[in-house]
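Participant: I have a structure I would like to understand better, so I am pasting it below and will then ask my questions one at a time.
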Amino acid sequence: MMALLVGIGVTVSALVVQGTAAVLGVEAINALMARRAAGTVWRNGLATLMLIMILLTGHLAQMAVWALAFMAAGEIGTFAVAFYHSAVNYTSLGYGDIIMSPRWRLLGPQETANGTLAFGWSTAAIVTVVIRLVRHRHRVQVGRESRRGA
């Protein structure tokens, strides 16, 4: 029961981290669009890459949050090993080379659920932003064409 409650708390904390990354990424794209730094295929591609890197940073930060939880529970002694174990759980890779004690092993599946939700959230953010960038590019092109014709 303790592992379930701790896992819920860590999941909420980690998803706040991902939510922050998603908001920062989307706001960065908004700023690029407002400054007209987006609108061509190449600039939109770079903007999308920037968003992906911001979201990836959020995922890595979530893995670090879980690693710290594993260390706080006394399951893993070093951050490097805890981060590796966290990454294996978070990505649902599941090597199984590090086994948690029966008291805390429920944290592994909870982290996997956290990672699955966060990857879905990131995918939704990327798709939404790409659609917005394509529409923005279209508006920029139409605006250029109408100024040429005027």
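We label chains A, B, ... in the order they appear in the structure tokens, count residues from 1 in each chain, and number ligands from 1 in the order shown.
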Quick one: contact table of stretch 99-138 of chain A to stretch 74-93 of chain A, 6 Å max, nearest atom pair and distance in Å to one decimal per residue, counting only C-alpha atoms, chain and number order, as a tab-separated table?
Facilitator:
```
residue	atom	partner	partner_atom	distance
A:Gly108	CA	A:Asn89	CA	5.7
A:Glu111	CA	A:Tyr90	CA	5.4
A:Thr112	CA	A:Tyr90	CA	4.6
A:Gly115	CA	A:Tyr90	CA	4.7
```
Participant: Which residues, written as a ChimeraX atom specification, have at least one atom at most 7 Å from stretch 130-141 of chain A, with only C-alpha atoms counted and residues fewer than 2 positions away on the same chain left out?
Facilitator: /A:39-40,44,48,126-128,143-145
Participant: Which residues come within 12 Å of A:Ile8, counting only C-alpha atoms, excluding same-chain residues fewer than 2 positions away, as a list of chain:residue names?
Facilitator: A:Met1, A:Met2, A:Ala3, A:Leu4, A:Leu5, A:Val6, A:Val10, A:Thr11, A:Val12, A:Ser13, A:Ala14, A:Leu15, A:Trp66, A:Ala69, A:Leu106, A:Leu107, A:Gly108, A:Pro109, A:Gln110, A:Glu111, A:Ala113, A:Asn114
Participant: Please identify the alpha helix (DSSP H) residues within chain A (assignment by DSSP from backbone atoms) and present them as an MDAnalysis selection string.
Facilitator: chainID A and resid 2:34 41:72 79:90 107:149
Participant: Could you write out the selected residues, including C-alpha atoms, as a CSV table (one decimal), in the first residue's frame?
Facilitator:
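Printed below is part-v2.csv as written:
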```
chain,number,residue,atom,x,y,z
A,2,MET,CA,2.9,2.4,0.8
A,3,ALA,CA,4.5,1.8,-2.6
A,4,LEU,CA,1.2,2.6,-4.3
A,5,LEU,CA,0.8,5.9,-2.4
A,6,VAL,CA,4.4,6.9,-2.9
A,7,GLY,CA,4.1,6.0,-6.6
A,8,ILE,CA,1.0,8.1,-7.1
A,9,GLY,CA,2.8,11.1,-5.5
A,10,VAL,CA,5.9,10.6,-7.6
A,11,THR,CA,3.7,10.2,-10.8
A,12,VAL,CA,1.9,13.5,-10.1
A,13,SER,CA,5.2,15.2,-9.4
A,14,ALA,CA,6.8,13.8,-12.6
A,15,LEU,CA,3.8,14.7,-14.7
A,16,VAL,CA,4.0,18.3,-13.4
A,17,VAL,CA,7.5,18.3,-14.8
A,18,GLN,CA,6.3,17.1,-18.2
A,19,GLY,CA,3.4,19.6,-18.1
A,20,THR,CA,5.9,22.4,-17.5
A,21,ALA,CA,8.1,21.2,-20.4
A,22,ALA,CA,5.1,21.0,-22.7
A,23,VAL,CA,4.0,24.5,-21.8
A,24,LEU,CA,7.5,25.9,-22.2
A,25,GLY,CA,7.8,24.2,-25.6
A,26,VAL,CA,4.5,25.4,-26.9
A,27,GLU,CA,5.1,28.9,-25.6
A,28,ALA,CA,8.5,28.9,-27.4
A,29,ILE,CA,6.8,28.0,-30.6
A,30,ASN,CA,4.2,30.8,-30.0
A,31,ALA,CA,7.0,33.2,-29.6
A,32,LEU,CA,8.7,32.1,-32.8
A,33,MET,CA,5.4,32.5,-34.7
A,34,ALA,CA,4.8,35.9,-33.2
A,41,VAL,CA,9.6,24.5,-44.2
A,42,TRP,CA,13.2,24.8,-42.7
A,43,ARG,CA,12.3,27.2,-39.9
A,44,ASN,CA,9.2,25.1,-39.0
A,45,GLY,CA,11.4,22.0,-39.0
A,46,LEU,CA,13.9,23.7,-36.6
A,47,ALA,CA,11.0,24.9,-34.4
A,48,THR,CA,9.7,21.3,-34.2
A,49,LEU,CA,13.1,20.0,-33.4
A,50,MET,CA,13.4,22.6,-30.6
A,51,LEU,CA,10.0,21.5,-29.2
A,52,ILE,CA,11.1,17.8,-29.3
A,53,MET,CA,14.3,18.6,-27.4
A,54,ILE,CA,12.4,20.6,-24.8
A,55,LEU,CA,10.0,17.6,-24.4
A,56,LEU,CA,12.9,15.2,-24.2
A,57,THR,CA,14.4,17.2,-21.4
A,58,GLY,CA,11.1,16.9,-19.6
A,59,HIS,CA,11.2,13.1,-20.0
A,60,LEU,CA,14.8,12.9,-18.7
A,61,ALA,CA,13.8,15.1,-15.8
A,62,GLN,CA,11.0,12.8,-14.9
A,63,MET,CA,13.3,9.8,-15.0
A,64,ALA,CA,15.5,11.8,-12.5
A,65,VAL,CA,12.6,12.4,-10.2
A,66,TRP,CA,11.9,8.6,-10.2
A,67,ALA,CA,15.5,7.8,-9.7
A,68,LEU,CA,15.6,10.1,-6.6
A,69,ALA,CA,12.5,8.3,-5.3
A,70,PHE,CA,14.2,4.9,-5.7
A,71,MET,CA,17.2,6.3,-3.8
A,72,ALA,CA,14.9,7.8,-1.1
A,79,PHE,CA,22.1,8.1,-8.8
A,80,ALA,CA,23.6,6.6,-12.0
A,81,VAL,CA,22.2,3.2,-11.2
A,82,ALA,CA,18.9,4.6,-10.1
A,83,PHE,CA,18.6,6.7,-13.2
A,84,TYR,CA,19.4,3.7,-15.4
A,85,HIS,CA,16.7,1.6,-13.6
A,86,SER,CA,14.3,4.5,-13.9
A,87,ALA,CA,14.9,4.8,-17.6
A,88,VAL,CA,14.3,1.1,-18.1
A,89,ASN,CA,11.0,1.4,-16.3
A,90,TYR,CA,9.9,4.7,-17.8
A,107,LEU,CA,7.0,1.5,-8.2
A,108,GLY,CA,8.3,0.0,-11.5
A,109,PRO,CA,4.9,-0.5,-13.2
A,110,GLN,CA,3.7,2.9,-11.9
A,111,GLU,CA,6.7,4.5,-13.5
A,112,THR,CA,6.0,2.7,-16.7
A,113,ALA,CA,2.4,4.0,-16.7
A,114,ASN,CA,3.8,7.5,-16.0
A,115,GLY,CA,6.1,7.2,-19.0
A,116,THR,CA,3.4,5.9,-21.3
A,117,LEU,CA,1.1,8.9,-20.3
A,118,ALA,CA,4.0,11.4,-20.7
A,119,PHE,CA,5.0,10.0,-24.1
A,120,GLY,CA,1.4,10.2,-25.3
A,121,TRP,CA,1.2,13.8,-24.0
A,122,SER,CA,4.4,14.7,-25.9
A,123,THR,CA,3.1,13.1,-29.1
A,124,ALA,CA,-0.1,15.1,-28.8
A,125,ALA,CA,1.9,18.3,-28.3
A,126,ILE,CA,4.1,17.6,-31.3
A,127,VAL,CA,1.2,16.8,-33.6
A,128,THR,CA,-0.7,19.9,-32.4
A,129,VAL,CA,2.3,22.2,-32.9
A,130,VAL,CA,3.2,20.7,-36.3
A,131,ILE,CA,-0.4,21.3,-37.5
A,132,ARG,CA,-0.2,24.9,-36.2
A,133,LEU,CA,3.1,25.5,-37.9
A,134,VAL,CA,1.8,24.2,-41.2
A,135,ARG,CA,-1.3,26.4,-41.0
A,136,HIS,CA,1.0,29.3,-40.1
A,137,ARG,CA,3.2,28.6,-43.1
A,138,HIS,CA,0.2,28.6,-45.3
A,139,ARG,CA,-1.0,31.9,-44.0
A,140,VAL,CA,2.5,33.4,-44.5
A,141,GLN,CA,2.5,32.2,-48.1
A,142,VAL,CA,-1.0,33.5,-48.8
A,143,GLY,CA,0.0,36.9,-47.3
A,144,ARG,CA,3.1,37.1,-49.5
A,145,GLU,CA,1.1,36.2,-52.6
A,146,SER,CA,-1.6,38.7,-51.8
A,147,ARG,CA,1.0,41.5,-51.3
A,148,ARG,CA,2.7,40.6,-54.6
A,149,GLY,CA,-0.7,40.8,-56.4
```
